[in-house]
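run.pdb follows; it contains PDB, C-alpha atoms, pLDDT in the B column.
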MODEL        1
ATOM      1  CA  MET A   1      -4.365 -23.964  -9.829  1.00 70.00           C
ATOM      2  CA  PHE A   2      -3.163 -23.257  -6.249  1.00 71.00           C
ATOM      3  CA  ASN A   3      -1.751 -25.854  -3.943  1.00 82.00           C
ATOM      4  CA  LEU A   4      -2.369 -25.761  -0.194  1.00 85.00           C
ATOM      5  CA  GLU A   5       0.964 -24.093   0.624  1.00 85.00           C
ATOM      6  CA  GLN A   6       0.364 -21.242  -1.838  1.00 83.00           C
ATOM      7  CA  LEU A   7      -3.130 -20.735  -0.469  1.00 81.00           C
ATOM      8  CA  LYS A   8      -1.741 -20.439   3.078  1.00 86.00           C
ATOM      9  CA  VAL A   9       0.679 -17.724   1.947  1.00 81.00           C
ATOM     10  CA  ILE A  10      -1.984 -15.766   0.076  1.00 82.00           C
ATOM     11  CA  THR A  11      -4.435 -15.861   2.989  1.00 86.00           C
ATOM     12  CA  ASP A  12      -1.803 -15.102   5.642  1.00 88.00           C
ATOM     13  CA  GLU A  13      -2.800 -12.144   7.822  1.00 91.00           C
ATOM     14  CA  LYS A  14       0.598 -10.427   7.556  1.00 89.00           C
ATOM     15  CA  PHE A  15       0.634 -10.771   3.769  1.00 88.00           C
ATOM     16  CA  LEU A  16      -2.863  -9.322   3.410  1.00 90.00           C
ATOM     17  CA  SER A  17      -2.058  -6.551   5.873  1.00 90.00           C
ATOM     18  CA  ALA A  18       0.999  -5.515   3.853  1.00 86.00           C
ATOM     19  CA  ILE A  19      -1.010  -5.477   0.623  1.00 89.00           C
ATOM     20  CA  PHE A  20      -3.872  -3.416   2.053  1.00 90.00           C
ATOM     21  CA  SER A  21      -1.611  -0.944   3.854  1.00 85.00           C
ATOM     22  CA  THR A  22       0.362  -0.374   0.650  1.00 84.00           C
ATOM     23  CA  ILE A  23      -2.829   0.234  -1.324  1.00 90.00           C
ATOM     24  CA  PHE A  24      -4.087   2.602   1.381  1.00 88.00           C
ATOM     25  CA  ILE A  25      -0.837   4.600   1.383  1.00 82.00           C
ATOM     26  CA  ILE A  26      -0.952   4.899  -2.403  1.00 83.00           C
ATOM     27  CA  LEU A  27      -4.574   6.085  -2.348  1.00 88.00           C
ATOM     28  CA  VAL A  28      -3.942   8.651   0.400  1.00 85.00           C
ATOM     29  CA  GLY A  29      -0.913   9.956  -1.497  1.00 81.00           C
ATOM     30  CA  TYR A  30      -2.932  10.182  -4.687  1.00 86.00           C
ATOM     31  CA  TYR A  31      -5.726  12.077  -2.936  1.00 89.00           C
ATOM     32  CA  LEU A  32      -3.340  14.518  -1.238  1.00 85.00           C
ATOM     33  CA  ARG A  33      -1.478  15.128  -4.490  1.00 85.00           C
ATOM     34  CA  LYS A  34      -4.665  15.509  -6.552  1.00 90.00           C
ATOM     35  CA  ARG A  35      -6.048  18.121  -4.122  1.00 92.00           C
ATOM     36  CA  ASN A  36      -2.662  19.941  -4.124  1.00 88.00           C
ATOM     37  CA  ILE A  37      -2.431  19.566  -0.347  1.00 88.00           C
ATOM     38  CA  VAL A  38       1.197  18.460  -0.723  1.00 84.00           C
ATOM     39  CA  ASN A  39       3.648  19.115  -3.535  1.00 85.00           C
ATOM     40  CA  GLU A  40       5.369  16.419  -5.597  1.00 79.00           C
ATOM     41  CA  GLN A  41       8.533  16.269  -3.476  1.00 84.00           C
ATOM     42  CA  ALA A  42       6.576  15.951  -0.231  1.00 82.00           C
ATOM     43  CA  SER A  43       4.442  13.226  -1.747  1.00 74.00           C
ATOM     44  CA  LYS A  44       7.508  11.198  -2.724  1.00 78.00           C
ATOM     45  CA  ALA A  45       9.115  11.722   0.676  1.00 82.00           C
ATOM     46  CA  LEU A  46       5.986  10.648   2.560  1.00 76.00           C
ATOM     47  CA  GLY A  47       5.616   7.564   0.393  1.00 73.00           C
ATOM     48  CA  SER A  48       9.188   6.444   0.915  1.00 79.00           C
ATOM     49  CA  ILE A  49       9.028   7.084   4.675  1.00 78.00           C
ATOM     50  CA  LEU A  50       5.748   5.228   5.132  1.00 72.00           C
ATOM     51  CA  LEU A  51       6.677   2.280   2.939  1.00 70.00           C
ATOM     52  CA  SER A  52      10.114   1.833   4.544  1.00 77.00           C
ATOM     53  CA  ALA A  53       8.718   1.962   8.106  1.00 63.00           C
ATOM     54  CA  LYS A  54       7.646  -1.684   8.019  1.00 54.00           C
TER      55      LYS A  54
ENDMDL
END
Show me, as structure tokens, the structure contained in the file I just sent.
Amino acid sequence: MFNLEQLKVITDEKFLSAIFSTIFIILVGYYLRKRNIVNEQASKALGSILLSAK
């Protein structure tokens, strides 16, 4: 199913960090938007700023 090289990429610390930080940013944005703490434009702006910072 996976060869050794693919397994190294999937378990790489930087790869996992990027995945988890992206999921965290999405969840925080969803929470802030759902609670009407930020409006739709601010939510989009924050998402693009945070995701392009890496």
### Atom pair CA of Ile49 (chain A) / CA of Ser21 (chain A): separation (Å)
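Going from CA of Ile49 (chain A) over to CA of Ser21 (chain A) covers 13.4 Å.
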#### Entry: Atom-to-atom span, CA of Leu4 (chain A) and CA of Ala18 (chain A), Å
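Computing it gives 20.9 Å between the two atoms.
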### Message
Just to confirm, what's the straight-line distance from CA of Ala42 (chain A) to CA of Phe15 (chain A) in Å (one decimal)?
### Response
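Here the two named atoms are 27.7 Å from each other.
For the structure in this document, the set picked by the PyMOL selection byres ((chain A and resi 25) around 12) is A:Ala18, A:Ile19, A:Phe20, A:Ser21, A:Thr22, A:Ile23, A:Phe24, A:Ile26, A:Leu27, A:Val28, A:Gly29, A:Tyr30, A:Tyr31, A:Leu32, A:Ser43, A:Lys44, A:Leu46, A:Gly47, A:Ser48, A:Ile49, A:Leu50, A:Leu51, A:Ser52, A:Ala53.
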Edge lengths and centre in Å to one decimal, as JSON, is what I'm after for the box along x, y and z that holds all listed atoms of region 7-14 of chain A once 3 Å is added on each side.
{"center_x": -1.9, "center_y": -15.6, "center_z": 3.7, "size_x": 11.1, "size_y": 16.3, "size_z": 14.3}
